[in-house]
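Peer 1: Data: model-v7.tsv, TSV, C-alpha atoms and all ligand atoms.
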chain	number	residue	atom	x	y	z
W	1	MET	CA	29.66	-90.50	-61.10
W	2	THR	CA	28.88	-93.78	-62.86
W	3	LEU	CA	26.07	-94.18	-60.36
W	4	SER	CA	24.87	-90.69	-61.07
W	5	ILE	CA	24.77	-91.32	-64.83
W	6	SER	CA	22.88	-94.57	-64.49
W	7	ARG	CA	20.44	-93.02	-62.02
W	8	ARG	CA	19.92	-90.09	-64.37
W	9	GLU	CA	19.17	-92.52	-67.17
W	10	ILE	CA	16.54	-94.15	-65.02
W	11	MET	CA	14.97	-90.77	-64.37
W	12	GLY	CA	15.07	-89.79	-68.02
W	13	CYS	CA	13.28	-92.88	-69.26
W	14	SER	CA	10.89	-93.58	-66.44
W	15	GLY	CA	7.90	-91.56	-67.67
W	16	GLY	CA	6.02	-94.65	-68.83
W	17	LEU	CA	6.90	-96.62	-65.73
W	18	ALA	CA	5.83	-93.83	-63.45
W	19	MET	CA	2.53	-93.44	-65.32
W	20	GLY	CA	1.82	-97.09	-64.66
W	21	LEU	CA	2.62	-96.79	-60.97
W	22	ALA	CA	0.74	-93.56	-60.63
W	23	ILE	CA	-2.57	-95.42	-60.60
W	24	GLY	CA	-1.60	-97.29	-57.44
W	25	GLY	CA	-0.18	-94.17	-55.83
W	26	LEU	CA	-3.22	-92.10	-56.58
W	27	ALA	CA	-5.63	-94.76	-55.42
W	28	GLY	CA	-3.85	-94.84	-52.06
W	29	TYR	CA	-4.02	-91.12	-51.87
W	30	GLN	CA	-7.75	-90.93	-52.58
W	31	HIS	CA	-8.30	-93.53	-49.90
W	32	THR	CA	-6.46	-91.19	-47.52
W	33	LYS	CA	-8.84	-88.35	-48.29
W	34	GLY	CA	-12.03	-90.37	-47.98
W	35	ALA	CA	-11.11	-91.80	-44.61
W	36	ALA	CA	-9.94	-88.50	-43.17
W	37	GLU	CA	-13.24	-86.87	-44.05
W	38	SER	CA	-15.29	-89.59	-42.36
W	39	ILE	CA	-14.01	-88.63	-38.89
W	40	ARG	CA	-15.55	-85.38	-37.82
W	41	PHE	CA	-14.42	-83.45	-34.80
W	42	ASP	CA	-15.25	-79.81	-35.46
W	43	ASP	CA	-18.47	-80.00	-33.42
W	44	VAL	CA	-16.47	-81.22	-30.41
W	45	LEU	CA	-14.02	-78.35	-30.40
W	46	THR	CA	-16.34	-76.04	-28.50
W	47	LYS	CA	-16.73	-78.49	-25.59
W	48	PRO	CA	-15.52	-76.94	-22.34
W	49	GLU	CA	-12.28	-78.32	-20.91
W	50	LEU	CA	-11.54	-80.35	-24.01
W	51	VAL	CA	-8.09	-81.97	-23.87
W	52	ARG	CA	-6.74	-81.29	-27.36
W	53	LEU	CA	-4.31	-84.06	-28.21
W	54	ILE	CA	-5.02	-83.94	-31.93
W	55	PHE	CA	-3.37	-81.01	-33.73
W	56	ASN	CA	0.25	-81.39	-32.57
W	57	GLU	CA	0.02	-78.03	-30.81
W	58	ASN	CA	2.43	-77.22	-28.02
W	59	PRO	CA	0.75	-75.84	-24.89
W	60	TYR	CA	4.06	-74.74	-23.36
W	61	GLY	CA	4.20	-71.73	-25.65
W	62	PRO	CA	4.30	-68.94	-26.42
W	63	PRO	CA	7.67	-68.06	-24.86
W	64	GLU	CA	7.67	-65.20	-22.32
W	65	SER	CA	9.78	-63.16	-24.75
W	66	ALA	CA	6.98	-63.43	-27.33
W	67	LYS	CA	4.19	-62.64	-24.85
W	68	GLN	CA	5.93	-59.48	-23.64
W	69	ALA	CA	6.59	-58.32	-27.18
W	70	ILE	CA	2.91	-58.82	-28.10
W	71	SER	CA	1.74	-56.86	-25.04
W	72	SER	CA	4.03	-53.96	-25.88
W	73	ALA	CA	2.93	-53.93	-29.50
W	74	ILE	CA	-0.81	-54.35	-29.01
W	75	ASN	CA	-1.64	-50.66	-29.37
W	76	ALA	CA	0.11	-50.56	-32.71
W	77	SER	CA	-1.92	-53.41	-34.16
W	78	TRP	CA	-3.43	-50.94	-36.57
W	79	MET	CA	-0.28	-51.30	-38.70
W	80	TYR	CA	0.38	-53.92	-41.37
W	81	GLY	CA	3.45	-56.03	-40.75
W	82	TYR	CA	5.54	-55.16	-43.82
W	83	LYS	CA	8.51	-53.89	-41.81
W	84	GLU	CA	8.46	-56.93	-39.51
W	85	VAL	CA	8.42	-59.35	-42.45
W	86	ARG	CA	11.56	-57.66	-43.70
W	87	LEU	CA	13.21	-57.75	-40.26
W	88	LEU	CA	12.34	-61.41	-39.76
W	89	ARG	CA	13.69	-62.35	-43.19
W	90	GLU	CA	16.94	-60.59	-42.32
W	91	MET	CA	17.15	-62.16	-38.88
W	92	ILE	CA	16.59	-65.68	-40.19
W	93	ALA	CA	18.95	-65.15	-43.12
W	94	ASN	CA	21.73	-63.91	-40.81
W	95	HIS	CA	21.27	-66.82	-38.51
W	96	GLU	CA	21.30	-69.39	-41.29
W	97	GLY	CA	24.19	-67.80	-43.22
W	98	LEU	CA	21.86	-67.03	-46.15
W	99	ARG	CA	20.58	-63.83	-47.76
W	100	PRO	CA	17.13	-62.31	-47.15
W	101	ASP	CA	16.10	-63.24	-50.69
W	102	ASN	CA	16.61	-66.89	-49.70
W	103	VAL	CA	13.84	-66.51	-47.10
W	104	ILE	CA	10.05	-66.32	-47.43
W	105	VAL	CA	7.92	-65.58	-44.34
W	106	THR	CA	4.40	-66.99	-44.51
W	107	GLU	CA	1.20	-67.29	-42.52
W	108	GLY	CA	2.32	-70.49	-40.79
W	109	SER	CA	4.40	-72.93	-42.79
W	110	GLY	CA	1.04	-74.21	-44.04
W	111	GLU	CA	0.74	-71.24	-46.37
W	112	LEU	CA	4.11	-72.10	-47.88
W	113	LEU	CA	3.13	-75.75	-48.31
W	114	LYS	CA	-0.01	-74.63	-50.10
W	115	ILE	CA	1.85	-72.22	-52.39
W	116	ALA	CA	4.47	-74.87	-53.19
W	117	GLY	CA	1.74	-77.42	-53.91
W	118	LEU	CA	-0.08	-75.05	-56.25
W	119	VAL	CA	3.03	-73.70	-57.98
W	120	LEU	CA	5.45	-76.64	-58.13
W	121	GLY	CA	2.93	-79.49	-58.08
W	122	GLY	CA	0.15	-77.90	-60.15
W	123	GLY	CA	-0.38	-79.84	-63.41
W	124	LYS	CA	2.49	-82.16	-62.43
W	125	GLU	CA	3.19	-85.00	-60.03
W	126	VAL	CA	4.18	-84.74	-56.40
W	127	VAL	CA	6.27	-87.63	-55.14
W	128	CYS	CA	5.91	-88.08	-51.38
W	129	GLY	CA	5.81	-90.71	-48.65
W	130	TYR	CA	2.60	-92.34	-47.50
W	131	PRO	CA	1.40	-91.66	-44.91
W	132	THR	CA	2.75	-88.15	-44.56
W	133	PHE	CA	1.44	-84.63	-44.03
W	134	THR	CA	-0.83	-84.03	-46.99
W	135	MET	CA	-1.08	-80.26	-47.30
W	136	LEU	CA	1.41	-79.82	-50.15
W	137	PRO	CA	0.11	-82.77	-52.21
W	138	ASP	CA	-3.49	-81.70	-51.50
W	139	TYR	CA	-2.87	-78.29	-53.01
W	140	ALA	CA	-1.09	-79.76	-56.03
W	141	VAL	CA	-4.21	-81.84	-56.69
W	142	ARG	CA	-6.37	-78.71	-56.40
W	143	ASN	CA	-4.32	-77.24	-59.23
W	144	GLY	CA	-4.52	-80.22	-61.58
W	145	GLY	CA	-1.59	-82.15	-60.14
W	146	THR	CA	-1.40	-85.82	-59.19
W	147	VAL	CA	0.30	-87.61	-56.33
W	148	GLU	CA	2.78	-90.46	-56.35
W	149	ALA	CA	2.34	-91.60	-52.78
W	150	VAL	CA	5.08	-94.07	-51.86
W	151	ARG	CA	4.34	-96.37	-48.94
W	152	LEU	CA	6.67	-96.23	-45.95
W	153	ASN	CA	9.13	-99.09	-45.63
W	154	SER	CA	8.70	-101.97	-43.19
W	155	ASP	CA	10.26	-99.85	-40.39
W	156	MET	CA	7.60	-97.20	-41.07
W	157	GLY	CA	10.35	-94.91	-42.42
W	158	ILE	CA	10.24	-92.79	-45.57
W	159	ASP	CA	11.55	-95.00	-48.37
W	160	LEU	CA	13.92	-92.74	-50.29
W	161	SER	CA	15.00	-95.36	-52.81
W	162	ALA	CA	11.39	-96.28	-53.64
W	163	MET	CA	10.63	-92.57	-53.99
W	164	GLU	CA	13.61	-92.14	-56.27
W	165	GLU	CA	12.22	-94.80	-58.58
W	166	ARG	CA	8.92	-92.97	-58.86
W	167	ILE	CA	10.51	-89.72	-60.00
W	168	SER	CA	10.00	-89.04	-63.68
W	169	ASP	CA	9.83	-86.21	-66.18
W	170	LEU	CA	6.34	-85.55	-64.86
W	171	THR	CA	7.51	-84.86	-61.31
W	172	GLY	CA	7.17	-81.22	-60.27
W	173	VAL	CA	8.35	-81.54	-56.68
W	174	VAL	CA	9.40	-84.18	-54.16
W	175	TYR	CA	8.00	-83.65	-50.67
W	176	VAL	CA	9.86	-85.06	-47.65
W	177	CYS	CA	8.49	-84.45	-44.17
W	178	ASN	CA	11.33	-84.88	-41.66
W	179	PRO	CA	10.52	-85.75	-38.90
W	180	ASN	CA	7.50	-87.24	-40.59
W	181	ASN	CA	3.94	-86.57	-39.51
W	182	PRO	CA	2.14	-88.83	-38.50
W	183	THR	CA	4.88	-91.36	-37.71
W	184	GLY	CA	7.19	-89.05	-35.76
W	185	ASN	CA	10.36	-90.75	-36.94
W	186	SER	CA	13.18	-89.11	-38.90
W	187	LEU	CA	15.38	-90.00	-41.78
W	188	ASN	CA	19.08	-90.47	-41.39
W	189	SER	CA	20.49	-87.03	-42.38
W	190	ASP	CA	23.25	-88.46	-44.54
W	191	ASP	CA	20.74	-90.52	-46.51
W	192	LEU	CA	18.55	-87.48	-47.05
W	193	ARG	CA	21.56	-85.37	-48.07
W	194	GLY	CA	22.57	-88.03	-50.61
W	195	PHE	CA	19.02	-88.12	-51.98
W	196	ILE	CA	18.95	-84.32	-52.33
W	197	ASP	CA	22.40	-84.23	-53.98
W	198	PHE	CA	21.16	-86.66	-56.53
W	199	ILE	CA	17.56	-85.57	-57.12
W	200	SER	CA	17.58	-81.80	-56.76
W	201	PRO	CA	19.52	-81.06	-59.96
W	202	HIS	CA	16.46	-82.50	-61.74
W	203	VAL	CA	13.49	-81.81	-59.47
W	204	PRO	CA	13.10	-79.49	-56.44
W	205	VAL	CA	13.03	-81.29	-53.10
W	206	PHE	CA	10.79	-79.74	-50.45
W	207	VAL	CA	11.83	-80.69	-46.91
W	208	ASP	CA	9.26	-79.93	-44.22
W	209	GLU	CA	11.10	-79.38	-40.93
W	210	ALA	CA	8.06	-78.37	-38.86
W	211	TYR	CA	9.12	-80.66	-35.98
W	212	ILE	CA	12.89	-80.40	-36.28
W	213	ASP	CA	13.33	-78.33	-33.12
W	214	PHE	CA	12.08	-81.27	-31.08
W	215	THR	CA	14.92	-83.50	-32.29
W	216	GLU	CA	18.03	-83.99	-30.21
W	217	ASN	CA	20.22	-82.04	-32.63
W	218	PRO	CA	18.21	-79.76	-34.95
W	219	ARG	CA	21.33	-78.23	-36.56
W	220	LEU	CA	22.71	-81.59	-37.63
W	221	SER	CA	19.51	-82.87	-39.09
W	222	SER	CA	18.42	-79.76	-40.99
W	223	MET	CA	18.88	-79.71	-44.75
W	224	VAL	CA	19.51	-75.98	-44.84
W	225	ASP	CA	23.20	-76.51	-45.60
W	226	GLN	CA	22.14	-78.03	-48.92
W	227	ILE	CA	20.78	-74.63	-49.99
W	228	LYS	CA	24.21	-73.13	-49.37
W	229	SER	CA	25.69	-75.84	-51.56
W	230	GLY	CA	23.42	-74.62	-54.39
W	231	MET	CA	20.94	-77.50	-54.28
W	232	ASN	CA	17.36	-76.90	-55.31
W	233	VAL	CA	15.95	-77.71	-51.90
W	234	ILE	CA	13.26	-75.74	-50.08
W	235	VAL	CA	13.18	-76.09	-46.31
W	236	SER	CA	10.07	-75.07	-44.37
W	237	ARG	CA	9.93	-74.31	-40.65
W	238	THR	CA	7.34	-72.97	-38.28
W	239	PHE	CA	6.84	-71.12	-35.02
W	240	SER	CA	3.75	-73.29	-34.41
W	241	LYS	CA	5.41	-76.35	-32.90
W	242	ALA	CA	8.47	-76.08	-30.65
W	243	TYR	CA	7.77	-72.36	-30.10
W	244	GLY	CA	4.15	-73.11	-29.18
W	245	MET	CA	2.70	-70.30	-31.30
W	246	ALA	CA	0.32	-72.14	-33.65
W	247	GLY	CA	-2.42	-69.53	-33.25
W	248	LEU	CA	-0.05	-66.72	-34.18
W	249	ARG	CA	0.45	-68.23	-37.65
W	250	ILE	CA	4.09	-67.61	-38.55
W	251	GLY	CA	6.22	-69.93	-40.64
W	252	TYR	CA	9.02	-69.54	-43.14
W	253	GLY	CA	10.82	-71.19	-45.99
W	254	LEU	CA	14.42	-71.19	-47.14
W	255	GLY	CA	15.61	-71.89	-50.64
W	256	ARG	CA	17.34	-70.66	-53.76
W	257	ALA	CA	16.54	-66.98	-54.42
W	258	ASP	CA	14.90	-67.66	-57.80
W	259	VAL	CA	12.65	-70.36	-56.32
W	260	ILE	CA	11.76	-68.26	-53.27
W	261	ASN	CA	10.89	-65.37	-55.57
W	262	ARG	CA	8.63	-67.60	-57.65
W	263	LEU	CA	6.78	-68.72	-54.51
W	264	GLU	CA	6.64	-65.17	-53.14
W	265	GLN	CA	4.84	-64.02	-56.32
W	266	ARG	CA	2.02	-66.48	-55.65
W	267	ARG	CA	1.42	-65.80	-51.97
W	268	ILE	CA	-2.16	-65.17	-50.97
W	269	SER	CA	-1.97	-63.63	-47.51
W	270	ASN	CA	0.32	-61.61	-45.28
W	271	PRO	CA	1.36	-62.77	-41.81
W	272	ASN	CA	-0.20	-60.83	-38.95
W	273	ARG	CA	1.94	-58.22	-37.29
W	274	LEU	CA	1.62	-59.45	-33.69
W	275	GLY	CA	2.69	-62.91	-34.79
W	276	LEU	CA	5.69	-61.43	-36.56
W	277	ILE	CA	6.61	-59.40	-33.49
W	278	ALA	CA	6.34	-62.52	-31.33
W	279	ALA	CA	8.53	-64.43	-33.79
W	280	LEU	CA	11.15	-61.66	-33.88
W	281	ALA	CA	11.26	-61.60	-30.07
W	282	SER	CA	11.56	-65.35	-29.60
W	283	TYR	CA	13.51	-66.58	-32.63
W	284	GLU	CA	16.25	-68.92	-31.43
W	285	ASP	CA	15.26	-68.38	-27.79
W	286	GLN	CA	17.35	-71.39	-26.77
W	287	LYS	CA	16.31	-71.20	-23.14
W	288	PHE	CA	12.67	-71.53	-24.11
W	289	LEU	CA	13.36	-74.15	-26.77
W	290	SER	CA	15.15	-76.41	-24.32
W	291	TYR	CA	12.35	-75.95	-21.78
W	292	SER	CA	9.79	-76.76	-24.47
W	293	ARG	CA	11.75	-79.85	-25.56
W	294	LYS	CA	12.15	-80.98	-21.95
W	295	MET	CA	8.45	-80.67	-21.12
W	296	VAL	CA	7.34	-82.36	-24.33
W	297	ARG	CA	9.84	-85.17	-23.66
W	298	ALA	CA	8.34	-85.63	-20.18
W	299	GLY	CA	4.86	-85.86	-21.76
W	300	ILE	CA	6.14	-88.40	-24.26
W	301	ASP	CA	7.45	-90.49	-21.36
W	302	VAL	CA	4.00	-90.50	-19.74
W	303	ALA	CA	2.48	-91.74	-23.01
W	304	TYR	CA	5.25	-94.32	-23.52
W	305	GLY	CA	4.57	-95.53	-19.97
W	306	VAL	CA	0.94	-96.38	-20.63
W	307	LEU	CA	1.64	-97.77	-24.11
W	308	ASN	CA	4.35	-100.04	-22.69
W	309	ASP	CA	2.15	-101.16	-19.80
W	310	MET	CA	-0.64	-102.03	-22.21
W	311	GLY	CA	1.81	-103.85	-24.52
W	312	LEU	CA	0.94	-101.63	-27.50
W	313	ARG	CA	3.16	-101.07	-30.50
W	314	TYR	CA	4.28	-97.48	-31.13
W	315	ILE	CA	6.89	-95.60	-33.12
W	316	PRO	CA	9.54	-93.82	-31.02
W	317	THR	CA	9.02	-90.17	-31.83
W	318	GLN	CA	11.19	-87.19	-32.72
W	319	GLY	CA	8.19	-84.87	-32.68
W	320	ASN	CA	5.50	-83.83	-30.18
W	321	PHE	CA	3.16	-86.70	-31.00
W	322	ILE	CA	3.19	-90.49	-30.98
W	323	LEU	CA	1.68	-92.92	-33.46
W	324	PHE	CA	0.57	-96.19	-31.89
W	325	ASP	CA	-1.33	-99.33	-32.80
W	326	SER	CA	-4.42	-99.52	-30.64
W	327	GLY	CA	-4.90	-103.15	-31.65
W	328	ARG	CA	-8.52	-102.61	-32.69
W	329	PRO	CA	-10.39	-100.05	-34.81
W	330	SER	CA	-9.06	-96.69	-33.73
W	331	VAL	CA	-12.45	-95.02	-34.06
W	332	LYS	CA	-13.51	-97.01	-30.96
W	333	PHE	CA	-10.59	-95.62	-28.99
W	334	HIS	CA	-11.40	-92.18	-30.35
W	335	ARG	CA	-15.02	-92.47	-29.13
W	336	HIS	CA	-13.93	-93.70	-25.72
W	337	MET	CA	-11.51	-90.81	-25.36
W	338	LEU	CA	-14.17	-88.30	-26.38
W	339	LYS	CA	-16.34	-89.49	-23.51
W	340	HIS	CA	-13.45	-88.40	-21.29
W	341	ASN	CA	-13.27	-85.05	-23.11
W	342	ILE	CA	-10.05	-86.00	-24.89
W	343	LEU	CA	-9.56	-85.52	-28.60
W	344	VAL	CA	-6.99	-87.76	-30.35
W	345	ALA	CA	-6.42	-88.49	-34.05
W	346	PRO	CA	-7.41	-91.90	-35.39
W	347	LYS	CA	-5.20	-92.45	-38.45
W	348	THR	CA	-7.59	-94.65	-40.37
W	349	ASP	CA	-6.23	-93.28	-43.62
W	350	PHE	CA	-3.45	-95.84	-43.69
W	351	HIS	CA	-4.50	-98.37	-41.07
W	352	GLU	CA	-7.76	-98.70	-39.20
W	353	ASN	CA	-6.10	-99.44	-35.85
W	354	TRP	CA	-3.52	-96.67	-35.56
W	355	VAL	CA	-3.94	-93.54	-33.48
W	356	ARG	CA	-1.83	-90.39	-33.23
W	357	VAL	CA	-1.76	-88.66	-29.88
W	358	SER	CA	-0.27	-85.18	-29.56
W	359	ILE	CA	1.67	-84.32	-26.43
W	360	GLY	CA	-0.17	-81.93	-24.15
W	361	ARG	CA	0.60	-80.64	-20.66
W	362	LEU	CA	1.72	-83.22	-18.12
W	363	GLU	CA	-1.60	-83.11	-16.31
W	364	GLU	CA	-3.37	-83.68	-19.64
W	365	MET	CA	-1.09	-86.61	-20.40
W	366	ASP	CA	-2.04	-88.10	-17.02
W	367	ILE	CA	-5.72	-87.76	-17.94
W	368	PHE	CA	-4.93	-89.42	-21.29
W	369	ALA	CA	-3.00	-92.24	-19.59
W	370	GLU	CA	-5.79	-92.89	-17.11
W	371	ALA	CA	-8.50	-93.00	-19.81
W	372	ALA	CA	-6.31	-95.18	-22.06
W	373	ARG	CA	-5.67	-97.66	-19.23
W	374	GLN	CA	-9.40	-97.86	-18.58
W	375	TYR	CA	-10.07	-98.58	-22.26
W	376	PHE	CA	-7.43	-101.25	-22.75
W	377	LEU	CA	-8.04	-103.01	-19.45
W	378	LYS	CA	-11.79	-103.07	-20.01
W	379	THR	CA	-12.00	-104.07	-23.70
L	401	LIG	C1	4.43	-81.61	-40.94
L	401	LIG	C2	3.70	-80.34	-40.82
L	401	LIG	N1	4.07	-79.32	-41.59
L	401	LIG	C3	3.44	-78.14	-41.54
L	401	LIG	C4	2.39	-77.95	-40.70
L	401	LIG	C5	1.68	-76.62	-40.74
L	401	LIG	O1	1.80	-75.93	-39.56
L	401	LIG	P1	1.74	-74.36	-39.49
L	401	LIG	O2	0.95	-73.86	-40.67
L	401	LIG	O3	1.07	-74.07	-38.22
L	401	LIG	O4	3.15	-73.87	-39.56
L	401	LIG	C6	1.96	-78.97	-39.85
L	401	LIG	C7	0.82	-78.79	-38.93
L	401	LIG	O5	0.44	-79.63	-38.18
L	401	LIG	C8	2.65	-80.21	-39.93
L	401	LIG	O6	2.29	-81.25	-39.17
For the file at hand, write its structure as C-alpha cells.
Peer 2:
Amino acid sequence: MTLSISRREIMGCSGGLAMGLAIGGLAGYQHTKGAAESIRFDDVLTKPELVRLIFNENPYGPPESAKQAISSAINASWMYGYKEVRLLREMIANHEGLRPDNVIVTEGSGELLKIAGLVLGGGKEVVCGYPTFTMLPDYAVRNGGTVEAVRLNSDMGIDLSAMEERISDLTGVVYVCNPNNPTGNSLNSDDLRGFIDFISPHVPVFVDEAYIDFTENPRLSSMVDQIKSGMNVIVSRTFSKAYGMAGLRIGYGLGRADVINRLEQRRISNPNRLGLIAALASYEDQKFLSYSRKMVRAGIDVAYGVLNDMGLRYIPTQGNFILFDSGRPSVKFHRHMLKHNILVAPKTDFHENWVRVSIGRLEEMDIFAEAARQYFLKT
C-alpha cells in the first residue's frame, strides 16, 4: 500500500516530466513512420508464386470446421451478420466466464485497435513500447493524440517500469502488445498483472493478445482474469493468427461493460457474416489449434536452423514470426529475398539491420532457408 501511494503520487505530479519526455518519445515515433513508408511492397504482391513471409499470416488455416461452415452458409450470404455477432459474443463470454456486454466483435482485432486509438488515445497520450505494433498509437495520432514510445529494455523486452514512469495525467491509454510484434517475446505474466493492478485504476490498459494462442500456455498468460477482478483492462484477440483466418477479418475485445459500450458506439464497420460463421464453427477448436501451433513451431525450427548456422542473432519467439539481426542493412536482404520471390519485413524503423520473417508452410521455410544461406554465404 505504501508503494501504491508513492507510485500514485508520482503519477499525479508527473505531467511536467512527461511533457519533457514526450519530445523524445514522439521523435522516435515519427522516425518509425518515415522509415516504414520508405519500403514499398504493394507492387510485389501480385507476383505469381510469391512466398509471403511478411504479414504474420498463418497458411495452415482456416480450420476444416470453419471451411465446412462457410460452404454450408454460402447461399445465405445475402444476410447481414447481426445474429452471428450476438451468438459469437455469447459464445466467447461463456467461455471466458464473462457476460456478452463484456465482449465486442470487430472486423479483425485491427478495427478494435483503431477504435481504441481514436476513442481512448484521441487528444491524449498513448504510452506504449517501442518498437511495437503501431495501429492503436497511429489512430490516436490521427485523432489529435500523441505517443509516448518507450524503448524496449536491453533484453528487447517491454520495459514496464519505464512505461510506468511515462504515465501522467495526459495519458489516455497504455498499450501493451503481448507477445510483442515485432520482437515475438512475451512479458512475464505476473509482472504484467502487477502493472495492470497498479495502473488500471488510473488509466485503461489495452493488452493486445493477437499471438497468444501460439504461446505454450495461452490461458496462463492471458490478462482476461484481470477483467473479472474489475480492472480497467481491455484484451484484444483475433481469428487471424493461430486460427489462420486473416482474410475473414474477425477479431474481438474483452473489457469492462462500460468501456466496451463506449467502444461499440464508435465502431465503423460490421464483421462479414461468413467470417462470423467460420469463427463460431472453429472457436476453441483445440485440435486445430494444437496442429497450427505444431506446424508453426516446425517452421520456426527451420528458421532457427539457418539463423544458427549463419551465426545470426535472433529473439526466441512466442509468435509466428522471428526478428533477427541480419548484420547489415536489412533492405539488402529484403532485395535479395525478393529476387527469390520471397517477401520479408525489414524493420528499419528501429534498427537498419533487423528483419522480421513470418512463418509460412514448411516448404516455404525451406525456400527461405536456402535463399538466406545463399545470401549470407555469398556476402
Ligand atoms: C499485434 C497485432 N495486433 C493486431 C493485429 C491485427 O490483426 P487482425 O486485424 O487481422 O486481427 C496484428 C496484425 O498483424 C498484430 O500484429
Peer 1: Considering all atoms listed in the file, return as a PyMOL selection string whatever protein or nucleic-acid residues lie within 9 Å of Gly117 in chain W, sequence-local ones (same chain, fewer than 3 positions apart) excluded.
Peer 2: chain W and resi 112-114+120-122+126+135-143+145+173
Peer 1: So that I can check the surroundings of range 297-307 of chain W, please list as number ranges by chain every protein, DNA and RNA residue that reaches within 12 Å of it, counting only C-alpha atoms and ignoring chain neighbours fewer than 3 positions away.
Peer 2: W: 53, 58-60, 184, 214-216, 242, 289-294, 310-327, 355-377
Peer 1: Counting all atoms listed in the file, which residues of chain W fall within 8 Å of ligand LIG 401 (chain L), and what is the closest atom pair for each with its distance in Å at one decimal, ordered by chain and rising number, as CSV?
Peer 2:
residue,atom,partner,partner_atom,distance
W:Phe55,CA,L:LIG401,O5,6.0
W:Asn56,CA,L:LIG401,O5,5.9
W:Glu57,CA,L:LIG401,O5,7.6
W:Glu107,CA,L:LIG401,O2,6.8
W:Gly108,CA,L:LIG401,O2,3.6
W:Ser109,CA,L:LIG401,O4,3.6
W:Gly110,CA,L:LIG401,O2,3.4
W:Glu111,CA,L:LIG401,O2,6.3
W:Leu113,CA,L:LIG401,C3,7.2
W:Thr132,CA,L:LIG401,C1,7.7
W:Phe133,CA,L:LIG401,C1,5.3
W:Met135,CA,L:LIG401,C3,7.6
W:Cys177,CA,L:LIG401,C1,5.9
W:Asn178,CA,L:LIG401,C1,7.7
W:Pro179,CA,L:LIG401,C1,7.6
W:Asn180,CA,L:LIG401,C1,6.4
W:Asn181,CA,L:LIG401,C1,5.2
W:Pro182,CA,L:LIG401,O6,7.6
W:Asp208,CA,L:LIG401,N1,5.9
W:Glu209,CA,L:LIG401,C1,7.0
W:Ala210,CA,L:LIG401,N1,4.9
W:Tyr211,CA,L:LIG401,C1,6.9
W:Ser236,CA,L:LIG401,C3,7.8
W:Arg237,CA,L:LIG401,O4,6.9
W:Thr238,CA,L:LIG401,O4,4.5
W:Phe239,CA,L:LIG401,O4,6.5
W:Ser240,CA,L:LIG401,O3,4.7
W:Lys241,CA,L:LIG401,O3,7.2
W:Ala246,CA,L:LIG401,O3,5.0
W:Gly247,CA,L:LIG401,O3,7.6
W:Arg249,CA,L:LIG401,O3,5.9
W:Ile250,CA,L:LIG401,O4,6.4
W:Gly251,CA,L:LIG401,O4,5.1
Peer 1: Please determine the residues with any atom at most 12 Å from (16.8, -77.5, -42.0) (coordinates as given in the file, with only C-alpha atoms counting) and report them as a ChimeraX atom specification.
Peer 2: /W:92,96,176-179,189,192-193,206-213,215,217-228,233-238,252-255
Peer 1: One decimal, Å: what's the distance from CA of Ala281 in chain W over to CA of Glu264 in chain W, could you say?
Peer 2: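 Those two atoms sit 23.8 Å apart.
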Peer 1: Kindly indicate which residue among W:Leu45, W:Leu160, W:Ile54, W:Val119 lies nearest to Ala345 in chain W, using only C-alpha atoms for the distances.
Peer 2: W:Ile54
Peer 1: Report, as JSON, the centre and edge lengths in Å (one decimal) of the axis-aligned box enclosing every listed atom of range 330-341 of chain W, padded by 3 Å on each side.
Peer 2:
{"center_x": -12.7, "center_y": -91.0, "center_z": -27.7, "size_x": 13.3, "size_y": 18.0, "size_z": 18.8}
Peer 1: For CA of Val127 in chain W and CA of Asp155 in chain W, quote the distance in Å rounded to one decimal.
Peer 2: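 Taking CA of Val127 in chain W as the start and CA of Asp155 in chain W as the end point, the length is 19.6 Å.
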Peer 1: Grab the CA of Gly230 in chain W to CA of Asp197 in chain W distance for me, in Å with one decimal place.
Peer 2: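 Taking CA of Gly230 in chain W and CA of Asp197 in chain W, their separation equals 9.7 Å.
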